[in-house]
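Undergrad: For reference, the file data.txt (compact mmCIF, C-alpha atoms) is included below:
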```
# COMPACT_ATOMS: atom_id res chain seq x y z
CA MET A 1 5.19 -7.07 15.66
CA THR A 2 4.32 -4.01 13.60
CA PHE A 3 1.26 -4.05 11.39
CA GLN A 4 0.79 -0.99 9.24
CA VAL A 5 -1.56 -0.25 6.35
CA ILE A 6 -0.06 2.10 3.79
CA PRO A 7 -1.12 4.75 2.92
CA LYS A 8 -2.68 5.85 6.19
CA SER A 9 -5.12 7.97 4.20
CA ALA A 10 -6.90 4.88 2.78
CA LYS A 11 -10.58 4.84 3.79
CA PHE A 12 -12.41 1.69 4.92
CA GLU A 13 -15.27 3.03 7.03
CA ASN A 14 -18.65 1.34 6.47
CA THR A 15 -17.33 -1.01 3.77
CA VAL A 16 -17.58 -4.80 3.83
CA LEU A 17 -14.27 -6.64 4.08
CA LEU A 18 -13.96 -9.76 1.92
CA THR A 19 -10.94 -12.01 2.25
CA GLY A 20 -9.88 -15.63 1.79
CA PHE A 21 -6.73 -17.69 2.04
CA HIS A 22 -4.67 -20.60 0.70
CA GLY A 23 -6.61 -23.43 2.30
CA ILE A 24 -8.52 -26.49 1.15
CA GLY A 25 -9.02 -26.35 -2.60
CA TYR A 26 -7.60 -22.79 -2.60
CA ALA A 27 -11.28 -21.83 -2.35
CA GLY A 28 -10.66 -18.56 -0.51
CA TYR A 29 -7.70 -17.41 -2.56
CA TRP A 30 -9.32 -18.04 -5.94
CA THR A 31 -12.61 -16.48 -4.87
CA ILE A 32 -10.81 -13.28 -3.88
CA LYS A 33 -8.54 -13.19 -6.92
CA TYR A 34 -11.44 -13.76 -9.31
CA LEU A 35 -13.61 -11.09 -7.70
CA ILE A 36 -10.82 -8.52 -7.92
CA GLN A 37 -10.52 -9.20 -11.63
CA LYS A 38 -14.21 -9.35 -12.51
CA LEU A 39 -15.28 -6.41 -10.35
CA GLU A 40 -12.35 -4.38 -11.71
CA ALA A 41 -11.44 -3.49 -8.14
CA LYS A 42 -8.86 -0.75 -7.65
CA ARG A 43 -5.77 -1.36 -5.53
CA ILE A 44 -5.74 1.19 -2.71
CA ALA A 45 -3.36 0.03 0.02
CA PHE A 46 -0.66 -2.40 1.20
CA VAL A 47 0.39 -4.05 4.45
CA ASP A 48 3.81 -3.55 6.00
CA SER A 49 4.79 -6.07 8.67
CA GLU A 50 7.80 -8.08 9.79
CA SER A 51 5.91 -11.21 8.80
CA VAL A 52 5.57 -10.21 5.15
CA SER A 53 7.00 -13.09 3.12
CA PRO A 54 10.16 -12.22 1.18
CA VAL A 55 8.40 -12.78 -2.15
CA SER A 56 7.16 -10.52 -4.94
CA SER A 57 5.95 -11.02 -8.49
CA THR A 58 4.48 -9.11 -11.39
CA ALA A 59 1.08 -9.07 -13.09
CA GLN A 60 0.24 -7.04 -16.17
CA GLY A 61 3.53 -5.20 -15.81
CA ARG A 62 2.93 -4.16 -12.21
CA LEU A 63 4.61 -5.35 -9.03
CA VAL A 64 2.45 -7.61 -6.85
CA THR A 65 3.19 -7.53 -3.12
CA PRO A 66 2.15 -10.23 -0.63
CA TYR A 67 -0.76 -8.32 1.00
CA GLU A 68 -2.91 -5.78 -0.85
CA PHE A 69 -6.27 -4.05 -0.43
CA PHE A 70 -8.67 -3.42 -3.32
CA GLN A 71 -11.99 -1.62 -3.44
CA ALA A 72 -15.06 -1.86 -5.67
CA ARG A 73 -18.40 -0.30 -4.74
CA ASP A 74 -18.80 -0.70 -0.97
CA LEU A 75 -16.52 -3.74 -0.86
CA THR A 76 -12.95 -3.83 0.40
CA ILE A 77 -11.13 -6.94 -0.79
CA PHE A 78 -7.98 -8.09 1.00
CA LYS A 79 -5.78 -10.37 -1.12
CA VAL A 80 -3.15 -12.58 0.46
CA GLU A 81 -0.92 -13.45 -2.47
CA VAL A 82 1.62 -15.28 -0.30
CA PRO A 83 0.89 -16.57 3.22
CA PRO A 84 2.93 -15.20 6.15
CA TYR A 85 6.14 -17.13 6.68
CA ARG A 86 5.83 -20.24 8.82
CA GLY A 87 5.59 -19.46 12.51
CA ALA A 88 4.27 -15.93 12.02
CA GLU A 89 0.70 -16.74 10.95
CA ILE A 90 -0.98 -16.43 14.34
CA ASP A 91 0.57 -13.07 15.22
CA PHE A 92 -0.06 -11.68 11.74
CA PHE A 93 -3.74 -12.57 11.58
CA ARG A 94 -4.38 -11.51 15.17
CA ASN A 95 -2.82 -8.13 14.40
CA PHE A 96 -4.81 -7.96 11.18
CA SER A 97 -8.02 -8.74 13.06
CA GLU A 98 -7.28 -6.06 15.65
CA TRP A 99 -6.72 -3.55 12.87
CA VAL A 100 -10.03 -4.58 11.25
CA THR A 101 -12.02 -4.04 14.45
CA ASN A 102 -10.54 -0.54 14.75
CA SER A 103 -11.12 0.47 11.12
CA LYS A 104 -14.93 0.81 11.19
CA PHE A 105 -15.75 -1.90 8.67
CA ARG A 106 -19.44 -2.73 8.50
CA GLU A 107 -18.81 -6.48 8.61
CA VAL A 108 -16.34 -9.14 7.49
CA ALA A 109 -16.91 -12.08 5.14
CA LEU A 110 -14.25 -14.80 5.24
CA ILE A 111 -14.01 -17.42 2.49
CA GLY A 112 -12.58 -20.87 3.09
CA GLY A 113 -12.71 -24.48 1.96
CA LEU A 114 -14.29 -27.47 3.66
CA ASP A 115 -13.25 -31.07 3.04
CA ALA A 116 -15.78 -32.44 0.54
CA SER A 117 -15.60 -35.87 2.20
CA LEU A 118 -17.50 -34.34 5.13
CA ARG A 119 -20.52 -33.50 2.97
CA THR A 120 -23.71 -35.15 4.25
CA ASP A 121 -26.19 -33.67 1.75
CA ASN A 122 -26.24 -31.79 -1.56
CA SER A 123 -25.33 -28.41 -0.05
CA ALA A 124 -22.42 -26.56 -1.63
CA TYR A 125 -21.22 -24.91 1.58
CA ARG A 126 -21.67 -24.32 5.30
CA ILE A 127 -21.48 -21.05 7.20
CA VAL A 128 -20.19 -20.02 10.60
CA HIS A 129 -20.78 -16.60 12.13
CA THR A 130 -20.02 -14.62 15.24
CA THR A 131 -22.71 -13.82 17.78
CA ALA A 132 -22.57 -10.16 16.70
CA TYR A 133 -23.47 -11.02 13.09
CA THR A 134 -27.10 -11.42 12.01
CA PRO A 135 -27.39 -13.43 8.76
CA ASN A 136 -29.18 -11.58 5.99
CA GLU A 137 -32.02 -12.97 3.87
CA TYR A 138 -29.64 -15.00 1.69
CA LEU A 139 -27.72 -16.55 4.58
CA LYS A 140 -30.36 -17.05 7.26
CA GLU A 141 -31.45 -20.33 5.68
CA ALA A 142 -27.88 -21.54 5.08
CA LYS A 143 -26.77 -24.54 7.07
CA ILE A 144 -24.41 -23.93 9.97
CA LEU A 145 -21.27 -26.05 10.18
CA GLU A 146 -22.04 -29.21 12.12
CA ASP A 147 -21.07 -29.52 15.77
CA GLU A 148 -17.58 -30.85 16.48
CA GLN A 149 -16.24 -29.99 13.01
CA ILE A 150 -12.99 -28.05 13.34
CA ILE A 151 -11.96 -24.89 11.50
CA VAL A 152 -8.22 -24.24 11.27
CA GLY A 153 -5.89 -21.58 9.93
CA PRO A 154 -6.49 -17.87 9.29
CA VAL A 155 -10.28 -18.21 9.16
CA ALA A 156 -10.29 -19.74 12.64
CA ILE A 157 -7.88 -17.15 14.04
CA MET A 158 -10.00 -14.29 12.77
CA LEU A 159 -13.36 -15.78 13.76
CA ASN A 160 -12.06 -16.38 17.29
CA TYR A 161 -10.82 -12.81 17.57
CA PHE A 162 -14.03 -11.30 16.20
CA GLU A 163 -16.20 -13.42 18.50
CA ALA A 164 -14.19 -12.34 21.55
CA HIS A 165 -14.42 -8.68 20.51
CA ASP A 166 -18.12 -8.73 19.59
CA PHE A 167 -17.54 -7.93 15.91
CA PRO A 168 -19.92 -8.93 13.06
CA ALA A 169 -18.24 -11.53 10.87
CA TYR A 170 -19.04 -14.78 9.12
CA ALA A 171 -17.32 -17.44 7.04
CA ILE A 172 -18.51 -19.23 3.93
CA LEU A 173 -16.90 -22.67 3.87
CA ALA A 174 -17.34 -24.19 0.42
CA TYR A 175 -16.98 -27.95 0.02
CA SER A 176 -13.71 -28.51 -1.82
CA SER A 177 -11.29 -31.15 -2.96
CA THR A 178 -8.41 -31.62 -0.54
CA GLU A 179 -6.13 -32.83 -3.32
CA ARG A 180 -6.23 -30.03 -5.90
CA ILE A 181 -7.36 -26.52 -6.71
CA ASP A 182 -11.15 -26.67 -6.86
CA PRO A 183 -12.76 -23.92 -9.01
CA ARG A 184 -16.26 -25.16 -8.17
CA ALA A 185 -15.69 -24.18 -4.54
CA ALA A 186 -14.89 -20.63 -5.66
CA VAL A 187 -18.06 -20.61 -7.76
CA SER A 188 -20.16 -21.60 -4.74
CA SER A 189 -18.67 -18.78 -2.66
CA ILE A 190 -19.04 -16.17 -5.42
CA GLU A 191 -22.68 -17.07 -6.02
CA ILE A 192 -23.70 -16.47 -2.41
CA LEU A 193 -21.56 -13.33 -2.13
CA SER A 194 -23.11 -11.89 -5.29
CA LYS A 195 -26.61 -12.39 -3.87
CA THR A 196 -25.64 -11.00 -0.49
CA TYR A 197 -23.96 -7.84 -1.78
CA GLY A 198 -25.86 -7.24 -5.01
CA PHE A 199 -23.24 -7.64 -7.72
CA SER A 200 -23.12 -9.80 -10.83
CA VAL A 201 -20.08 -11.85 -11.85
CA ASP A 202 -19.76 -14.29 -14.75
CA VAL A 203 -18.54 -17.57 -13.26
CA GLU A 204 -18.53 -19.48 -16.55
CA PRO A 205 -14.72 -19.31 -16.91
CA LEU A 206 -14.36 -20.90 -13.48
CA LEU A 207 -16.82 -23.65 -14.37
CA LYS A 208 -14.95 -24.34 -17.60
CA GLY A 209 -11.72 -24.51 -15.61
CA ALA A 210 -13.32 -27.02 -13.27
CA GLU A 211 -14.42 -29.15 -16.22
CA VAL A 212 -10.88 -29.16 -17.64
CA VAL A 213 -9.43 -30.26 -14.29
CA GLU A 214 -12.08 -32.96 -13.81
CA THR A 215 -11.64 -34.26 -17.37
CA GLU A 216 -7.88 -34.55 -16.87
CA ILE A 217 -8.36 -36.37 -13.55
CA ALA A 218 -10.79 -38.79 -15.18
CA ARG A 219 -8.32 -39.37 -18.03
CA GLN A 220 -5.50 -40.09 -15.61
CA ASP A 221 -7.70 -42.43 -13.57
CA LYS A 222 -8.65 -44.29 -16.73
CA LYS A 223 -5.00 -44.68 -17.71
CA LEU A 224 -4.16 -45.93 -14.23
CA THR A 225 -6.98 -48.47 -14.33
CA LYS A 226 -5.83 -49.79 -17.70
CA SER A 227 -2.25 -49.98 -16.47
CA GLU A 228 -3.26 -51.94 -13.41
CA SER A 229 -5.40 -54.32 -15.43
CA ILE A 230 -2.33 -55.54 -17.31
CA TYR A 231 -1.08 -57.21 -14.14
CA THR A 232 -4.34 -58.86 -13.07
```
Represent the structure from my file as structure tokens, please.
TA:
Amino acid sequence: MTFQVIPKSAKFENTVLLTGFHGIGYAGYWTIKYLIQKLEAKRIAFVDSESVSPVSSTAQGRLVTPYEFFQARDLTIFKVEVPPYRGAEIDFFRNFSEWVTNSKFREVALIGGLDASLRTDNSAYRIVHTTAYTPNEYLKEAKILEDEQIIVGPVAIMLNYFEAHDFPAYAILAYSSTERIDPRAAVSSIEILSKTYGFSVDVEPLLKGAEVVETEIARQDKKLTKSESIYT
């Protein structure tokens, strides 16, 4: 399988790679998409691969391709607009991880969701990191994912590869709803990333979005309860 970043002249050396995916609560995807917008990150490169999904769209009059790189400050942000087609995920993310380890990134931060039903305290997230990564002052007190909990999907593929190849990487796994998009999970991830990398992002729009979703869910639950009470 070919994996090519275009243009070849794009520079990534000594930047931090941030990326997230379409997982639980869409926590990773919405974190990445929001940061690109609020940091006014500039699109610098694309991925060409046989596993690129046959999908494209437009945003603000410009074509949006499935896999794009953006940069702001010393951050490189990789946005997966559409996941690889079914059956190609493992090869794609292994090839992507290999490319990352050869591109002289300083470190990698992966963003994912964690089933909120697994929460055992009032923490907003858990972290997992490779042996080669040393948590900074904002992450060294963060709670590590409990033993026996399983990570799946792109985050797991990449963490496994980076651990085997002694590369510094970590994942922020924000507690999220498994039944809907969860903006609060994105807020949790953005707050720790902003402290870690020294940027400021207004998360109020995300919080308002979460309130709208939660209000609608509560309204629907109330309607359902009233409907059921008719028959009791």
Undergrad: Which residues come within 12 Å of Glu141 of chain A, counting all atoms listed in the file, excluding same-chain residues fewer than 5 positions away, as JSON, numbers by chain?
TA: {"A": [123, 125, 126, 127, 134, 135, 136, 192]}
Undergrad: Give as JSON, numbers by chain the set of residues within 9 Å of the point (-19.1, -20.7, -7.2), where distances use the file's coordinates and all atoms listed in the file.
TA: {"A": [31, 124, 174, 183, 184, 185, 186, 187, 188, 189, 190, 191, 192, 203, 206, 207]}
Undergrad: What's the separation between atom CA of Ala109 of chain A and atom CA of Gly87 of chain A, in Å to one decimal place?
TA: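 Separation of atom CA of Ala109 of chain A and atom CA of Gly87 of chain A: 24.8 Å.
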Undergrad: May I ask which of the residues A:Leu18, A:Ile32, A:Glu50, A:Leu139 is the closest one to Gln4 of chain A, counting only C-alpha atoms?
TA: A:Glu50
Undergrad: Restricting the calculation to all atoms listed in the file, which member of A:Thr19, A:Thr2, A:Ser53, A:Asn14 is positioned closest to Phe69 of chain A?
TA: A:Thr19
Undergrad: With a distance cut-off of 7 Å and all atoms listed in the file, select the neighbouring residues of Ile6 of chain A, excluding the residue or stretch itself and same-chain residues fewer than 5 positions from it, and output the selection as a list in words.
TA: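 Listed by chain and then number, they are Ala45, Phe46 and Val47 of chain A.
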Undergrad: Can you patch up segment 35-65 of chain A, filling it in to N, CA and C atoms, and show the result as a PDB file, keeping the file's coordinate frame?
TA:
```
ATOM      1  N   LEU A  35     -12.764 -12.258  -7.926  1.00  0.00           N
ATOM      2  CA  LEU A  35     -13.610 -11.090  -7.700  1.00  0.00           C
ATOM      3  C   LEU A  35     -12.876  -9.788  -7.996  1.00  0.00           C
ATOM      4  N   ILE A  36     -11.610  -9.723  -7.619  1.00  0.00           N
ATOM      5  CA  ILE A  36     -10.820  -8.520  -7.920  1.00  0.00           C
ATOM      6  C   ILE A  36     -10.793  -8.267  -9.418  1.00  0.00           C
ATOM      7  N   GLN A  37     -10.588  -9.333 -10.173  1.00  0.00           N
ATOM      8  CA  GLN A  37     -10.520  -9.200 -11.630  1.00  0.00           C
ATOM      9  C   GLN A  37     -11.866  -8.820 -12.228  1.00  0.00           C
ATOM     10  N   LYS A  38     -12.918  -9.535 -11.862  1.00  0.00           N
ATOM     11  CA  LYS A  38     -14.210  -9.350 -12.510  1.00  0.00           C
ATOM     12  C   LYS A  38     -14.929  -8.076 -12.046  1.00  0.00           C
ATOM     13  N   LEU A  39     -14.671  -7.648 -10.820  1.00  0.00           N
ATOM     14  CA  LEU A  39     -15.280  -6.410 -10.350  1.00  0.00           C
ATOM     15  C   LEU A  39     -14.437  -5.193 -10.700  1.00  0.00           C
ATOM     16  N   GLU A  40     -13.283  -5.450 -11.335  1.00  0.00           N
ATOM     17  CA  GLU A  40     -12.350  -4.380 -11.710  1.00  0.00           C
ATOM     18  C   GLU A  40     -12.026  -3.505 -10.496  1.00  0.00           C
ATOM     19  N   ALA A  41     -11.736  -4.191  -9.392  1.00  0.00           N
ATOM     20  CA  ALA A  41     -11.440  -3.490  -8.140  1.00  0.00           C
ATOM     21  C   ALA A  41     -10.113  -2.748  -8.244  1.00  0.00           C
ATOM     22  N   LYS A  42     -10.050  -1.595  -7.611  1.00  0.00           N
ATOM     23  CA  LYS A  42      -8.860  -0.750  -7.650  1.00  0.00           C
ATOM     24  C   LYS A  42      -7.989  -0.989  -6.429  1.00  0.00           C
ATOM     25  N   ARG A  43      -6.701  -1.186  -6.649  1.00  0.00           N
ATOM     26  CA  ARG A  43      -5.770  -1.360  -5.530  1.00  0.00           C
ATOM     27  C   ARG A  43      -5.604  -0.031  -4.799  1.00  0.00           C
ATOM     28  N   ILE A  44      -5.781  -0.057  -3.468  1.00  0.00           N
ATOM     29  CA  ILE A  44      -5.740   1.190  -2.710  1.00  0.00           C
ATOM     30  C   ILE A  44      -4.720   1.202  -1.577  1.00  0.00           C
ATOM     31  N   ALA A  45      -4.243   0.023  -1.142  1.00  0.00           N
ATOM     32  CA  ALA A  45      -3.360   0.030   0.020  1.00  0.00           C
ATOM     33  C   ALA A  45      -2.581  -1.286   0.121  1.00  0.00           C
ATOM     34  N   PHE A  46      -1.551  -1.258   0.977  1.00  0.00           N
ATOM     35  CA  PHE A  46      -0.660  -2.400   1.200  1.00  0.00           C
ATOM     36  C   PHE A  46      -0.491  -2.612   2.702  1.00  0.00           C
ATOM     37  N   VAL A  47       0.055  -3.765   3.062  1.00  0.00           N
ATOM     38  CA  VAL A  47       0.390  -4.050   4.450  1.00  0.00           C
ATOM     39  C   VAL A  47       1.900  -4.109   4.600  1.00  0.00           C
ATOM     40  N   ASP A  48       2.395  -3.451   5.633  1.00  0.00           N
ATOM     41  CA  ASP A  48       3.810  -3.550   6.000  1.00  0.00           C
ATOM     42  C   ASP A  48       3.895  -4.223   7.359  1.00  0.00           C
ATOM     43  N   SER A  49       4.654  -5.307   7.432  1.00  0.00           N
ATOM     44  CA  SER A  49       4.790  -6.070   8.670  1.00  0.00           C
ATOM     45  C   SER A  49       6.059  -6.902   8.603  1.00  0.00           C
ATOM     46  N   GLU A  50       6.618  -7.224   9.776  1.00  0.00           N
ATOM     47  CA  GLU A  50       7.800  -8.080   9.790  1.00  0.00           C
ATOM     48  C   GLU A  50       7.515  -9.483   9.247  1.00  0.00           C
ATOM     49  N   SER A  51       6.250  -9.868   9.247  1.00  0.00           N
ATOM     50  CA  SER A  51       5.910 -11.210   8.800  1.00  0.00           C
ATOM     51  C   SER A  51       5.570 -11.285   7.319  1.00  0.00           C
ATOM     52  N   VAL A  52       5.752 -10.180   6.596  1.00  0.00           N
ATOM     53  CA  VAL A  52       5.570 -10.210   5.150  1.00  0.00           C
ATOM     54  C   VAL A  52       6.578 -11.171   4.531  1.00  0.00           C
ATOM     55  N   SER A  53       6.096 -12.112   3.749  1.00  0.00           N
ATOM     56  CA  SER A  53       7.000 -13.090   3.120  1.00  0.00           C
ATOM     57  C   SER A  53       7.932 -12.393   2.142  1.00  0.00           C
ATOM     58  N   PRO A  54       9.182 -12.843   2.075  1.00  0.00           N
ATOM     59  CA  PRO A  54      10.160 -12.220   1.180  1.00  0.00           C
ATOM     60  C   PRO A  54       9.960 -12.653  -0.270  1.00  0.00           C
ATOM     61  N   VAL A  55       8.779 -12.342  -0.808  1.00  0.00           N
ATOM     62  CA  VAL A  55       8.400 -12.780  -2.150  1.00  0.00           C
ATOM     63  C   VAL A  55       7.675 -11.628  -2.840  1.00  0.00           C
ATOM     64  N   SER A  56       7.941 -11.441  -4.124  1.00  0.00           N
ATOM     65  CA  SER A  56       7.160 -10.520  -4.940  1.00  0.00           C
ATOM     66  C   SER A  56       7.068 -11.082  -6.349  1.00  0.00           C
ATOM     67  N   SER A  57       6.118 -10.551  -7.113  1.00  0.00           N
ATOM     68  CA  SER A  57       5.950 -11.020  -8.490  1.00  0.00           C
ATOM     69  C   SER A  57       5.399  -9.867  -9.310  1.00  0.00           C
ATOM     70  N   THR A  58       5.068 -10.139 -10.542  1.00  0.00           N
ATOM     71  CA  THR A  58       4.480  -9.110 -11.390  1.00  0.00           C
ATOM     72  C   THR A  58       3.209  -9.646 -12.043  1.00  0.00           C
ATOM     73  N   ALA A  59       2.302  -8.739 -12.359  1.00  0.00           N
ATOM     74  CA  ALA A  59       1.080  -9.070 -13.090  1.00  0.00           C
ATOM     75  C   ALA A  59       0.713  -7.870 -13.943  1.00  0.00           C
ATOM     76  N   GLN A  60       0.572  -8.109 -15.231  1.00  0.00           N
ATOM     77  CA  GLN A  60       0.240  -7.040 -16.170  1.00  0.00           C
ATOM     78  C   GLN A  60       1.221  -5.862 -16.051  1.00  0.00           C
ATOM     79  N   GLY A  61       2.475  -6.205 -15.863  1.00  0.00           N
ATOM     80  CA  GLY A  61       3.530  -5.200 -15.810  1.00  0.00           C
ATOM     81  C   GLY A  61       3.644  -4.449 -14.508  1.00  0.00           C
ATOM     82  N   ARG A  62       2.897  -4.867 -13.480  1.00  0.00           N
ATOM     83  CA  ARG A  62       2.930  -4.160 -12.210  1.00  0.00           C
ATOM     84  C   ARG A  62       3.379  -5.083 -11.103  1.00  0.00           C
ATOM     85  N   LEU A  63       4.138  -4.555 -10.148  1.00  0.00           N
ATOM     86  CA  LEU A  63       4.610  -5.350  -9.030  1.00  0.00           C
ATOM     87  C   LEU A  63       3.450  -5.787  -8.147  1.00  0.00           C
ATOM     88  N   VAL A  64       3.461  -7.058  -7.763  1.00  0.00           N
ATOM     89  CA  VAL A  64       2.450  -7.610  -6.850  1.00  0.00           C
ATOM     90  C   VAL A  64       3.126  -7.918  -5.527  1.00  0.00           C
ATOM     91  N   THR A  65       2.632  -7.305  -4.455  1.00  0.00           N
ATOM     92  CA  THR A  65       3.190  -7.530  -3.120  1.00  0.00           C
ATOM     93  C   THR A  65       2.350  -8.568  -2.385  1.00  0.00           C
TER      94      THR A  65
END
```
